[in-house]
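Raw contents of start.txt, compact mmCIF, C-alpha atoms and all ligand atoms:
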# COMPACT_ATOMS: atom_id res chain seq x y z
CA GLY E 1422 -10.45 -4.22 -49.41
CA THR E 1423 -10.75 -0.47 -49.77
CA PRO E 1424 -7.56 1.50 -50.48
CA ALA E 1425 -5.41 2.12 -47.39
CA SER E 1426 -7.76 0.13 -45.13
CA LYS E 1427 -6.56 -0.98 -41.70
CA SER E 1428 -6.62 -4.58 -42.90
CA ARG E 1429 -4.07 -3.77 -45.61
CA PHE E 1430 -1.74 -2.09 -43.09
CA ARG E 1431 -1.97 -5.08 -40.77
CA GLY E 1432 -1.46 -7.50 -43.66
CA ALA E 1433 1.68 -5.66 -44.80
CA LEU E 1434 3.46 -5.57 -41.45
CA VAL E 1435 2.41 -9.05 -40.29
CA ALA E 1436 3.25 -10.79 -43.59
CA ALA E 1437 6.68 -9.12 -43.60
CA VAL E 1438 7.40 -10.73 -40.21
CA LEU E 1439 6.10 -14.09 -41.46
CA GLY E 1440 8.35 -13.94 -44.53
CA ASP E 1441 11.38 -13.22 -42.36
CA CYS E 1442 10.58 -15.90 -39.75
CA VAL E 1443 9.68 -18.72 -42.13
CA GLY E 1444 12.35 -17.70 -44.66
CA GLY E 1445 15.17 -17.97 -42.13
CA GLU E 1446 15.15 -21.75 -42.49
CA PHE E 1447 16.50 -21.56 -46.06
CA GLU E 1448 18.64 -18.38 -46.06
CA GLY E 1449 21.83 -19.02 -48.00
CA ALA E 1450 20.67 -22.35 -49.49
CA GLU E 1451 21.58 -22.71 -53.14
CA GLU E 1452 18.73 -24.98 -54.11
CA VAL E 1453 15.46 -25.33 -52.25
CA PRO E 1454 13.07 -27.98 -53.60
CA MET E 1455 9.44 -26.88 -53.41
CA GLU E 1456 8.78 -30.11 -51.52
CA SER E 1457 11.05 -28.92 -48.67
CA VAL E 1458 9.30 -25.55 -48.60
CA LEU E 1459 5.86 -27.15 -48.36
CA GLN E 1460 7.08 -29.53 -45.66
CA HIS E 1461 8.46 -26.61 -43.65
CA LEU E 1462 5.21 -24.68 -44.01
CA SER E 1463 3.00 -27.65 -43.18
CA GLY E 1464 5.03 -28.05 -39.97
CA LEU E 1465 3.54 -24.72 -38.88
CA GLU E 1466 0.06 -26.22 -39.16
CA ASP E 1467 0.79 -29.11 -36.82
CA GLU E 1468 -1.18 -28.32 -33.65
CA THR E 1469 0.46 -31.23 -31.83
CA LYS E 1470 3.84 -29.50 -32.04
CA GLY E 1471 2.86 -27.17 -29.19
CA ASN E 1472 5.11 -24.14 -28.92
CA CYS E 1473 6.57 -23.67 -32.37
CA VAL E 1474 8.55 -20.46 -32.36
CA LEU E 1475 10.37 -19.20 -35.40
CA GLU E 1476 12.58 -16.29 -34.36
CA TYR E 1477 12.76 -13.14 -36.43
CA SER E 1478 16.09 -11.91 -37.80
CA ASP E 1479 17.70 -8.50 -38.54
CA ASP E 1480 15.00 -7.80 -41.16
CA THR E 1481 12.27 -7.61 -38.51
CA ALA E 1482 14.55 -6.27 -35.76
CA MET E 1483 15.36 -3.19 -37.89
CA THR E 1484 11.78 -2.85 -39.19
CA ARG E 1485 10.58 -2.72 -35.58
CA CYS E 1486 13.04 0.14 -34.93
CA VAL E 1487 11.65 2.05 -37.93
CA VAL E 1488 8.07 1.47 -36.78
CA GLN E 1489 8.75 2.52 -33.18
CA SER E 1490 10.65 5.60 -34.28
CA LEU E 1491 7.97 6.74 -36.77
CA LEU E 1492 5.26 6.24 -34.15
CA ASN E 1493 7.10 7.86 -31.26
CA ARG E 1494 8.31 10.85 -33.26
CA SER E 1495 5.17 11.09 -35.44
CA GLY E 1496 7.41 11.08 -38.50
CA TYR E 1497 11.04 10.66 -39.56
CA ASP E 1498 13.73 11.59 -37.02
CA GLU E 1499 17.21 10.49 -38.08
CA GLN E 1500 18.80 10.85 -34.63
CA ASP E 1501 16.08 8.80 -32.97
CA LEU E 1502 16.14 6.08 -35.64
CA ALA E 1503 19.95 5.83 -35.58
CA ARG E 1504 19.87 5.48 -31.80
CA ARG E 1505 17.25 2.75 -31.99
CA PHE E 1506 19.25 0.75 -34.58
CA ALA E 1507 22.36 0.94 -32.39
CA LYS E 1508 20.47 0.02 -29.21
CA GLU E 1509 18.68 -2.90 -30.85
CA TYR E 1510 21.95 -4.30 -32.23
CA SER E 1511 23.73 -3.99 -28.91
CA ALA E 1512 20.82 -5.68 -27.06
CA SER E 1513 20.47 -8.51 -29.57
CA PRO E 1514 23.53 -8.86 -31.84
CA GLY E 1515 22.78 -12.45 -32.86
CA ARG E 1516 19.93 -11.76 -35.28
CA GLY E 1517 22.00 -12.53 -38.40
CA TYR E 1518 23.06 -9.02 -39.46
CA GLY E 1519 25.15 -8.46 -42.59
CA SER E 1520 28.86 -8.56 -41.83
CA GLY E 1521 29.47 -4.99 -43.05
CA VAL E 1522 26.55 -3.24 -41.41
CA ILE E 1523 27.68 -4.35 -37.94
CA GLN E 1524 30.47 -1.75 -38.09
CA VAL E 1525 27.94 1.00 -38.83
CA LEU E 1526 25.70 -0.10 -35.96
CA LYS E 1527 28.63 -0.02 -33.53
CA LYS E 1528 29.63 3.49 -34.67
CA LEU E 1529 26.03 4.70 -34.39
CA ALA E 1530 26.17 3.85 -30.68
CA SER E 1531 28.87 6.48 -30.05
CA PRO E 1532 27.59 9.53 -28.11
CA GLN E 1533 30.34 11.60 -29.84
CA LEU E 1534 28.86 10.99 -33.30
CA VAL E 1535 27.73 14.26 -34.91
CA ASP E 1536 26.58 13.21 -38.42
CA VAL E 1537 24.52 10.00 -38.18
CA TYR E 1538 24.92 9.36 -41.93
CA GLN E 1539 28.75 9.38 -41.79
CA PRO E 1540 29.35 5.76 -40.64
CA ALA E 1541 27.36 4.50 -43.63
CA ARG E 1542 29.40 6.69 -46.01
CA ASP E 1543 32.63 5.15 -44.67
CA GLN E 1544 31.59 1.59 -45.60
CA PHE E 1545 33.43 -0.38 -48.29
CA ASN E 1546 36.27 2.17 -48.71
CA GLY E 1547 33.82 5.04 -49.07
CA ARG E 1548 31.66 3.37 -51.73
CA GLY E 1549 28.87 2.54 -49.27
CA SER E 1550 26.84 -0.66 -49.02
CA PHE E 1551 24.62 -1.92 -51.84
CA GLY E 1552 23.15 -4.65 -49.59
CA ASN E 1553 19.40 -5.07 -49.17
CA GLY E 1554 19.42 -4.04 -45.50
CA GLY E 1555 17.80 -0.67 -46.28
CA ALA E 1556 15.11 -2.24 -48.46
CA MET E 1557 14.22 -5.04 -46.01
CA ARG E 1558 13.05 -2.45 -43.45
CA ALA E 1559 11.46 0.07 -45.87
CA ALA E 1560 7.78 -0.98 -45.67
CA PRO E 1561 6.89 1.17 -42.61
CA PHE E 1562 7.65 4.36 -44.58
CA ALA E 1563 4.78 3.46 -46.91
CA LEU E 1564 2.54 2.90 -43.90
CA ALA E 1565 3.37 6.21 -42.21
CA PHE E 1566 3.22 8.68 -45.10
CA PRO E 1567 0.26 8.95 -47.44
CA ASN E 1568 2.04 10.97 -50.16
CA LEU E 1569 4.40 9.25 -52.57
CA PRO E 1570 7.08 12.02 -52.52
CA ASP E 1571 7.30 11.63 -48.70
CA VAL E 1572 7.46 7.82 -48.98
CA LYS E 1573 10.37 8.12 -51.45
CA ARG E 1574 12.21 10.81 -49.49
CA PHE E 1575 12.03 9.13 -46.09
CA ALA E 1576 12.62 5.58 -47.34
CA ARG E 1577 15.80 6.89 -48.93
CA LEU E 1578 16.98 8.78 -45.83
CA GLY E 1579 16.07 5.87 -43.53
CA ALA E 1580 18.16 3.53 -45.68
CA MET E 1581 21.08 5.98 -45.89
CA LEU E 1582 21.71 5.56 -42.15
CA THR E 1583 23.39 2.26 -43.10
CA HIS E 1584 23.49 2.16 -46.93
CA SER E 1585 25.04 5.15 -48.71
CA CYS E 1586 25.46 3.51 -52.14
CA SER E 1587 22.53 4.43 -54.40
CA LEU E 1588 22.15 0.75 -55.32
CA GLY E 1589 21.38 0.16 -51.66
CA TYR E 1590 19.10 3.10 -50.82
CA ASN E 1591 17.27 3.09 -54.16
CA GLY E 1592 16.29 -0.52 -53.43
CA ALA E 1593 14.58 0.83 -50.30
CA VAL E 1594 12.83 3.52 -52.36
CA LEU E 1595 11.56 0.87 -54.80
CA GLN E 1596 10.36 -1.45 -52.03
CA ALA E 1597 8.55 1.36 -50.18
CA MET E 1598 6.90 2.49 -53.44
CA ALA E 1599 5.72 -1.06 -54.16
CA VAL E 1600 4.10 -1.27 -50.70
CA HIS E 1601 2.58 2.21 -51.15
CA LEU E 1602 0.99 1.30 -54.50
CA SER E 1603 -0.18 -2.07 -53.22
CA LEU E 1604 -1.91 -0.35 -50.26
CA GLN E 1605 -3.84 1.74 -52.79
CA GLY E 1606 -5.08 -1.42 -54.55
CA ALA E 1607 -2.77 -1.01 -57.55
CA LEU E 1608 -2.02 -4.74 -57.79
CA SER E 1609 -5.45 -5.38 -59.24
CA LEU E 1610 -3.92 -4.05 -62.51
CA PRO E 1611 -0.49 -5.76 -62.51
CA GLN E 1612 0.74 -4.32 -65.83
CA GLN E 1613 -0.04 -0.79 -64.72
CA PHE E 1614 1.55 -1.48 -61.33
CA ILE E 1615 4.88 -2.44 -62.89
CA SER E 1616 4.73 0.38 -65.46
CA ARG E 1617 4.19 2.90 -62.68
CA LEU E 1618 7.19 1.56 -60.76
CA ILE E 1619 9.33 1.84 -63.89
CA THR E 1620 8.22 5.43 -64.51
CA GLU E 1621 8.99 6.40 -60.91
CA MET E 1622 12.38 4.64 -60.92
CA GLU E 1623 13.32 6.36 -64.22
CA GLU E 1624 13.27 9.62 -62.29
CA VAL E 1625 14.90 8.23 -59.13
CA GLU E 1626 17.75 6.63 -61.10
CA GLY E 1627 18.23 9.72 -63.25
CA GLU E 1628 19.96 11.47 -60.33
CA LYS E 1629 23.67 12.04 -60.77
CA GLU E 1630 24.75 9.93 -57.76
CA ALA E 1631 22.74 6.98 -59.07
CA LEU E 1632 24.18 7.32 -62.60
CA ARG E 1633 27.70 7.56 -61.13
CA ASP E 1634 27.30 4.50 -58.85
CA ALA E 1635 25.84 2.42 -61.69
CA ARG E 1636 28.81 3.35 -63.88
CA ILE E 1637 31.37 2.52 -61.16
CA LEU E 1638 29.73 -0.84 -60.46
CA LYS E 1639 29.47 -1.58 -64.20
CA GLU E 1640 25.71 -2.01 -64.05
CA ALA E 1641 23.14 -0.86 -66.61
CA GLU E 1642 22.67 2.93 -66.75
CA LYS E 1643 19.49 2.62 -64.64
CA PRO E 1644 19.87 -0.79 -62.99
CA PHE E 1645 16.54 -1.05 -61.13
CA CYS E 1646 14.63 0.09 -64.22
CA GLU E 1647 16.40 -2.54 -66.28
CA ARG E 1648 15.45 -5.27 -63.76
CA LEU E 1649 11.84 -4.05 -63.63
CA HIS E 1650 11.65 -4.41 -67.43
CA ARG E 1651 12.82 -8.00 -66.94
CA VAL E 1652 10.09 -8.49 -64.31
CA ARG E 1653 7.54 -7.25 -66.86
CA ASP E 1654 8.83 -9.66 -69.51
CA LEU E 1655 8.72 -12.58 -67.07
CA ILE E 1656 5.16 -11.92 -65.88
CA ASP E 1657 4.03 -11.71 -69.52
CA ARG E 1658 5.09 -15.33 -69.91
CA ASN E 1659 2.79 -18.01 -68.62
CA LYS E 1660 5.52 -20.48 -67.68
CA VAL E 1661 8.83 -19.51 -66.15
CA SER E 1662 11.26 -21.75 -64.28
CA ILE E 1663 12.87 -20.97 -60.93
CA GLU E 1664 16.28 -21.14 -62.66
CA GLU E 1665 15.23 -18.45 -65.16
CA VAL E 1666 13.97 -16.19 -62.38
CA ILE E 1667 17.26 -16.54 -60.51
CA SER E 1668 19.35 -15.92 -63.61
CA GLU E 1669 17.27 -12.93 -64.81
CA LEU E 1670 16.57 -11.26 -61.46
CA GLY E 1671 18.84 -12.84 -58.83
CA ASN E 1672 18.21 -14.07 -55.28
CA GLY E 1673 21.17 -12.51 -53.50
CA ILE E 1674 21.96 -10.11 -50.69
CA ALA E 1675 22.35 -7.03 -52.95
CA ALA E 1676 19.25 -4.83 -53.17
CA LEU E 1677 19.46 -5.04 -56.96
CA HIS E 1678 19.35 -8.83 -56.81
CA SER E 1679 16.45 -9.08 -54.39
CA VAL E 1680 13.97 -6.15 -54.49
CA PRO E 1681 12.84 -6.68 -58.14
CA THR E 1682 12.80 -10.43 -57.35
CA ALA E 1683 10.42 -9.86 -54.42
CA ILE E 1684 8.15 -7.77 -56.66
CA PHE E 1685 8.19 -10.57 -59.24
CA CYS E 1686 7.22 -13.16 -56.58
CA VAL E 1687 4.11 -11.12 -55.68
CA LEU E 1688 3.05 -10.63 -59.31
CA HIS E 1689 3.72 -14.24 -60.29
CA CYS E 1690 1.63 -15.55 -57.37
CA LEU E 1691 -1.44 -13.41 -58.04
CA GLN E 1692 -2.79 -16.52 -59.83
CA PRO E 1693 -2.86 -20.14 -58.65
CA ARG E 1694 0.14 -22.19 -59.81
CA ASP E 1695 0.07 -25.91 -60.42
CA TYR E 1696 3.15 -26.54 -58.26
CA LEU E 1697 1.57 -24.82 -55.23
CA PRO E 1698 -1.24 -26.32 -53.09
CA GLU E 1699 -4.75 -25.51 -54.32
CA ASN E 1700 -5.84 -24.52 -50.83
CA TYR E 1701 -3.18 -21.79 -50.65
CA GLY E 1702 -4.36 -18.20 -51.09
CA GLY E 1703 -2.23 -15.55 -52.81
CA LEU E 1704 -0.30 -14.61 -49.68
CA GLU E 1705 0.68 -18.19 -48.88
CA ARG E 1706 1.65 -18.73 -52.53
CA THR E 1707 3.86 -15.61 -52.48
CA ILE E 1708 5.73 -16.65 -49.34
CA ALA E 1709 6.14 -20.29 -50.43
CA TYR E 1710 7.39 -19.24 -53.88
CA SER E 1711 9.87 -16.74 -52.38
CA LEU E 1712 11.41 -19.51 -50.25
CA ALA E 1713 11.71 -21.86 -53.22
CA LEU E 1714 14.06 -19.38 -54.95
CA GLY E 1715 16.73 -20.07 -52.33
CA GLY E 1716 19.47 -17.49 -51.63
CA ASP E 1717 18.39 -14.58 -49.45
CA THR E 1718 15.06 -16.22 -48.61
CA ASP E 1719 14.23 -14.43 -45.35
CA THR E 1720 14.68 -11.03 -46.94
CA ILE E 1721 12.98 -11.77 -50.28
CA ALA E 1722 10.02 -13.34 -48.43
CA CYS E 1723 9.93 -10.42 -45.97
CA MET E 1724 9.79 -7.83 -48.79
CA ALA E 1725 7.37 -9.86 -50.92
CA GLY E 1726 5.28 -10.47 -47.79
CA ALA E 1727 4.96 -6.72 -47.13
CA ILE E 1728 3.82 -6.00 -50.70
CA ALA E 1729 1.46 -9.00 -50.85
CA GLY E 1730 0.09 -8.36 -47.34
CA ALA E 1731 -0.79 -4.79 -48.35
CA HIS E 1732 -2.74 -6.24 -51.28
CA TYR E 1733 -4.58 -9.17 -49.68
CA GLY E 1734 -5.06 -7.71 -46.18
CA VAL E 1735 -4.72 -9.36 -42.78
CA GLU E 1736 -7.63 -11.77 -43.42
CA ALA E 1737 -5.36 -13.60 -45.87
CA VAL E 1738 -2.68 -14.24 -43.22
CA PRO E 1739 -2.95 -17.83 -41.94
CA GLN E 1740 -3.50 -17.69 -38.18
CA ARG E 1741 -1.65 -20.97 -37.76
CA TRP E 1742 1.47 -19.49 -39.39
CA MET E 1743 1.16 -16.29 -37.41
CA ARG E 1744 1.11 -18.02 -34.03
CA CYS E 1745 4.53 -19.56 -34.78
CA CYS E 1746 6.28 -16.31 -35.70
CA GLU E 1747 8.00 -14.18 -33.10
CA GLY E 1748 6.92 -10.55 -33.32
CA ALA E 1749 3.82 -11.14 -35.49
CA GLU E 1750 1.37 -10.02 -32.78
CA ASP E 1751 3.39 -6.86 -32.11
CA ALA E 1752 3.48 -6.10 -35.82
CA ASP E 1753 -0.29 -6.42 -35.95
CA MET E 1754 -0.78 -3.92 -33.11
CA ASN E 1755 1.76 -1.47 -34.51
CA ALA E 1756 0.18 -1.62 -37.98
CA ALA E 1757 -3.07 -0.34 -36.48
CA ARG E 1758 -1.16 2.55 -34.89
CA LEU E 1759 0.57 3.36 -38.19
CA HIS E 1760 -2.82 3.32 -39.90
CA ALA E 1761 -3.97 6.05 -37.48
CA LEU E 1762 -0.79 8.10 -38.09
CA TYR E 1763 -1.17 7.77 -41.89
CA HIS E 1764 -4.78 8.97 -41.85
CA GLN E 1765 -3.96 11.74 -39.40
CA THR E 1766 -1.21 12.95 -41.77
CA SER E 1767 -3.45 12.65 -44.85
CA GLN E 1768 -6.01 14.90 -43.12
CA GLY E 1769 -3.28 17.47 -42.45
CA GLY E 1770 -3.28 16.73 -38.69
N1 LIG E 1801 23.60 -11.41 -43.25
C1 LIG E 1801 22.65 -12.12 -43.55
N2 LIG E 1801 22.81 -13.43 -43.83
C2 LIG E 1801 24.09 -14.06 -43.85
C3 LIG E 1801 24.39 -14.90 -42.65
C4 LIG E 1801 23.53 -14.83 -41.47
C5 LIG E 1801 23.69 -16.16 -40.80
N3 LIG E 1801 22.52 -16.95 -41.13
C6 LIG E 1801 23.85 -16.10 -39.31
O1 LIG E 1801 23.37 -17.02 -38.67
O2 LIG E 1801 24.50 -15.20 -38.79
N4 LIG E 1801 21.39 -11.66 -43.62
C7 LIG E 1801 21.03 -10.32 -43.40
O3 LIG E 1801 21.90 -9.49 -44.20
C8 LIG E 1801 21.21 -8.96 -45.35
C9 LIG E 1801 21.17 -7.49 -45.23
O4 LIG E 1801 22.49 -7.05 -45.22
P1 LIG E 1801 22.86 -5.52 -45.10
O5 LIG E 1801 22.18 -4.93 -43.94
O6 LIG E 1801 22.66 -4.87 -46.39
O7 LIG E 1801 24.38 -5.64 -44.72
P2 LIG E 1801 25.74 -5.13 -45.43
O8 LIG E 1801 26.83 -5.71 -44.61
O9 LIG E 1801 25.71 -3.65 -45.57
O10 LIG E 1801 25.70 -5.76 -46.89
C10 LIG E 1801 25.58 -7.14 -47.06
C11 LIG E 1801 26.78 -7.71 -47.83
O11 LIG E 1801 26.75 -7.25 -49.17
C12 LIG E 1801 28.11 -7.11 -49.64
N5 LIG E 1801 28.31 -5.69 -50.03
C13 LIG E 1801 27.49 -4.65 -49.81
N6 LIG E 1801 27.98 -3.52 -50.32
C14 LIG E 1801 29.16 -3.83 -50.88
C15 LIG E 1801 30.15 -3.07 -51.59
N7 LIG E 1801 30.03 -1.75 -51.84
N8 LIG E 1801 31.24 -3.74 -52.05
C16 LIG E 1801 31.38 -5.08 -51.83
N9 LIG E 1801 30.48 -5.85 -51.17
C17 LIG E 1801 29.38 -5.23 -50.70
C18 LIG E 1801 29.01 -7.52 -48.50
O12 LIG E 1801 29.31 -8.87 -48.62
C19 LIG E 1801 28.13 -7.27 -47.28
O13 LIG E 1801 28.48 -8.00 -46.13
C20 LIG E 1801 19.83 -9.60 -45.33
O14 LIG E 1801 19.86 -10.76 -46.11
C21 LIG E 1801 19.62 -9.96 -43.90
O15 LIG E 1801 18.73 -11.05 -43.76
MG MG E 1802 17.75 -11.60 -41.96
MG MG E 1803 18.40 -12.15 -45.54
Could I get this file's structure written as structure tokens?
Ligand code: F2R
Ligand code: MG
Ligand code: MG
Amino acid sequence: GTPASKSRFRGALVAAVLGDCVGGEFEGAEEVPMESVLQHLSGLEDETKGNCVLEYSDDTAMTRCVVQSLLNRSGYDEQDLARRFAKEYSASPGRGYGSGVIQVLKKLASPQLVDVYQPARDQFNGRGSFGNGGAMRAAPFALAFPNLPDVKRFARLGAMLTHSCSLGYNGAVLQAMAVHLSLQGALSLPQQFISRLITEMEEVEGEKEALRDARILKEAEKPFCERLHRVRDLIDRNKVSIEEVISELGNGIAALHSVPTAIFCVLHCLQPRDYLPENYGGLERTIAYSLALGGDTDTIACMAGAIAGAHYGVEAVPQRWMRCCEGAEDADMNAARLHALYHQTSQGG
């Protein structure tokens, strides 16, 4: 498809929902045999099953808040977004939220709250959360703002409403950048795609807060850059086992252990793989592979889905999977509205 086409926007938002809904089955599992993944996915194809509904989790619930806020405010509005997060949590608390972020969402509901970023700063004895909750909902920033500096700035601020540790909000910046580049068609040159992400993250992680947090947490000086170098090494190799991917990149709830992993899943599945069905296209391969890693499967598949969906477009989304996933139709409609906002902004409107 052409860069920033409506199909790419729809693919990104719909495939993110699919990743979350189908990934929920395996979240937290240590080992997920590919056979179980394929069985789960083929269950979605079974027309005789009637109403198959896979519910979305916090990943989609919070993404929907970001989308609605960006559309209603025609841009980023921290007060509005904070209010939506709090309202969504209070209306539907059972969507599998992280145990820490619940406290932030409760505080955000207080009418007395003056600084909406303060509850996030208070998390984990003032260190802030490094979870992937900011990254899992970052894709809409890439779909609302055409310019990369805006994507980076607003993905970061949108994440900081719940994640004040740089290892949390920089995961959101990386995820939003990956979706932004994919929308432009950058995945047709995978090596250049990953090099560009590394160059951008060099600057992002050069900020003093990021260097300080990395030091405190005893991570590499620029932790996301280091992981992206590992992604590059892994995609250079023709064969790589699931165990190696998990040990090199991780599959956990921290942004550092899941955002580079999601990016790897997309790159690895650009080509057919002998352990995935021949009739699967790239998007199906990406989602199936993300689930087979185990760990934080809903979130890794949601983030990989957004990046892959922006590359392959909505035509690559299997209709039979989509009809089983709660919120997929809404995501499709909202993606078209974001597409209009993006092009309005890019024309200076
Ligand atoms: N929470 C889950 N899954 C676990 C169980 C759900 C279960 N299936 C159910 O039925 O209820 N999934 C969702 O949470 C992840 C996103 O989490 P988020 O929003 O980042 O939350 P939080 O609480 O801020 O961070 C997550 C955990 O990371 C650890 N952590 C973070 N920062 C820390 C720090 N500075 N020091 C120590 N630990 C820190 C904590 O254990 C947090 O609870 C997604 O997977 C989403 O799907
Ligand atoms: Mg979830
Ligand atoms: Mg998760």
Residue with smallest distance to Arg1653 (chain E) - pool E:Leu1688, E:Asp1719, E:Glu1665, E:His1678, counting only C-alpha atoms
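Closest candidate: E:Leu1688.
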Counting all atoms listed in the file, what residues are within 6 Å of ligand LIG 1801 (chain E), given as an MDAnalysis selection string?
chainID E and resid 1479:1480 1517:1522 1545 1548:1554 1674:1675 1717 1719:1720
For Val1453 (chain E), please output as a count of residues only all residues within 10 Å (counting only C-alpha atoms; exclusion window: fewer than 6 positions along the same chain).
7
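When CA of Ser1662 (chain E) is paired with atom MG of ligand MG 1803 (chain E), their separation reads 22.2 Å.
Atom pair CA of Ala1580 (chain E) / CA of Pro1514 (chain E) has a distance of 19.3 Å (rounded to one decimal).
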Need the shell around region 1738-1741 of chain E: protein/DNA/RNA residues with any atom at most 9 Å away, counting all atoms listed in the file. Skip same-chain ones fewer than 3 positions apart. Format as a list in words?
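Surrounding residues, per the criterion: Gly1432, Val1435, Ala1436, Leu1439, Leu1465, Glu1466, Asp1467, Glu1468, Gly1702, Leu1704, Glu1705, Gly1730, Tyr1733, Gly1734, Val1735, Arg1744 and Cys1745 of chain E.
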Return the single residue from E:Val1625, E:Ile1615, E:Ala1709, E:Ala1560 that is closest to Gln1596 (chain E), with distances computed using only C-alpha atoms.
E:Ala1560
Go through E:Glu1476, E:Asp1441, E:Glu1621, E:Asp1536 and flag the residue nearest ligand MG 1802 (chain E), using all atoms listed in the file for the distances.
E:Asp1441
Fewer than 3 positions away in the same chain doesn't count, so skip those; otherwise give me all residues within 8 Å of region 1509-1511 of chain E, counting all atoms listed in the file, as a PyMOL selection string.
chain E and resi 1482-1483+1486+1505-1506+1514+1526-1527
For the selection just defined, write its residues with C-alpha atoms to a file, as a short mmCIF file (atom, residue, chain, number, x, y, z; two decimals), keeping the file's coordinate frame.
data_model
loop_
_atom_site.label_atom_id
_atom_site.label_comp_id
_atom_site.auth_asym_id
_atom_site.auth_seq_id
_atom_site.Cartn_x
_atom_site.Cartn_y
_atom_site.Cartn_z
CA ALA E 1482 14.55 -6.27 -35.76
CA MET E 1483 15.36 -3.19 -37.89
CA CYS E 1486 13.04 0.14 -34.93
CA ARG E 1505 17.25 2.75 -31.99
CA PHE E 1506 19.25 0.75 -34.58
CA PRO E 1514 23.53 -8.86 -31.84
CA LEU E 1526 25.70 -0.10 -35.96
CA LYS E 1527 28.63 -0.02 -33.53
#
Any chance you could model N, CA, C and O atoms for region 1719-1730 of chain E and send them as a compact mmCIF listing (two decimals), in the coordinates of the input?
# COMPACT_ATOMS: atom_id res chain seq x y z
N ASP E 1719 14.97 -15.17 -46.40
CA ASP E 1719 14.23 -14.43 -45.35
C ASP E 1719 13.90 -13.03 -45.84
O ASP E 1719 12.78 -12.52 -45.63
N THR E 1720 14.85 -12.43 -46.52
CA THR E 1720 14.68 -11.03 -46.94
C THR E 1720 13.75 -10.91 -48.14
O THR E 1720 12.90 -10.01 -48.20
N ILE E 1721 13.88 -11.82 -49.10
CA ILE E 1721 12.98 -11.77 -50.28
C ILE E 1721 11.54 -12.05 -49.82
O ILE E 1721 10.60 -11.35 -50.22
N ALA E 1722 11.38 -13.03 -48.92
CA ALA E 1722 10.02 -13.34 -48.43
C ALA E 1722 9.48 -12.21 -47.56
O ALA E 1722 8.28 -11.94 -47.57
N CYS E 1723 10.35 -11.55 -46.81
CA CYS E 1723 9.93 -10.42 -45.97
C CYS E 1723 9.42 -9.27 -46.86
O CYS E 1723 8.34 -8.71 -46.62
N MET E 1724 10.19 -8.95 -47.91
CA MET E 1724 9.79 -7.83 -48.79
C MET E 1724 8.56 -8.19 -49.62
O MET E 1724 7.63 -7.39 -49.75
N ALA E 1725 8.54 -9.42 -50.15
CA ALA E 1725 7.37 -9.86 -50.92
C ALA E 1725 6.15 -9.93 -50.00
O ALA E 1725 5.04 -9.56 -50.40
N GLY E 1726 6.37 -10.39 -48.76
CA GLY E 1726 5.28 -10.47 -47.79
C GLY E 1726 4.65 -9.10 -47.54
O GLY E 1726 3.42 -8.97 -47.48
N ALA E 1727 5.48 -8.07 -47.40
CA ALA E 1727 4.96 -6.72 -47.13
C ALA E 1727 4.09 -6.24 -48.30
O ALA E 1727 3.00 -5.67 -48.10
N ILE E 1728 4.57 -6.47 -49.52
CA ILE E 1728 3.82 -6.00 -50.70
C ILE E 1728 2.52 -6.80 -50.84
O ILE E 1728 1.43 -6.25 -51.05
N ALA E 1729 2.64 -8.13 -50.70
CA ALA E 1729 1.46 -9.00 -50.85
C ALA E 1729 0.46 -8.76 -49.71
O ALA E 1729 -0.75 -8.70 -49.94
N GLY E 1730 0.97 -8.59 -48.49
CA GLY E 1730 0.09 -8.36 -47.34
C GLY E 1730 -0.71 -7.07 -47.50
O GLY E 1730 -1.87 -7.00 -47.10
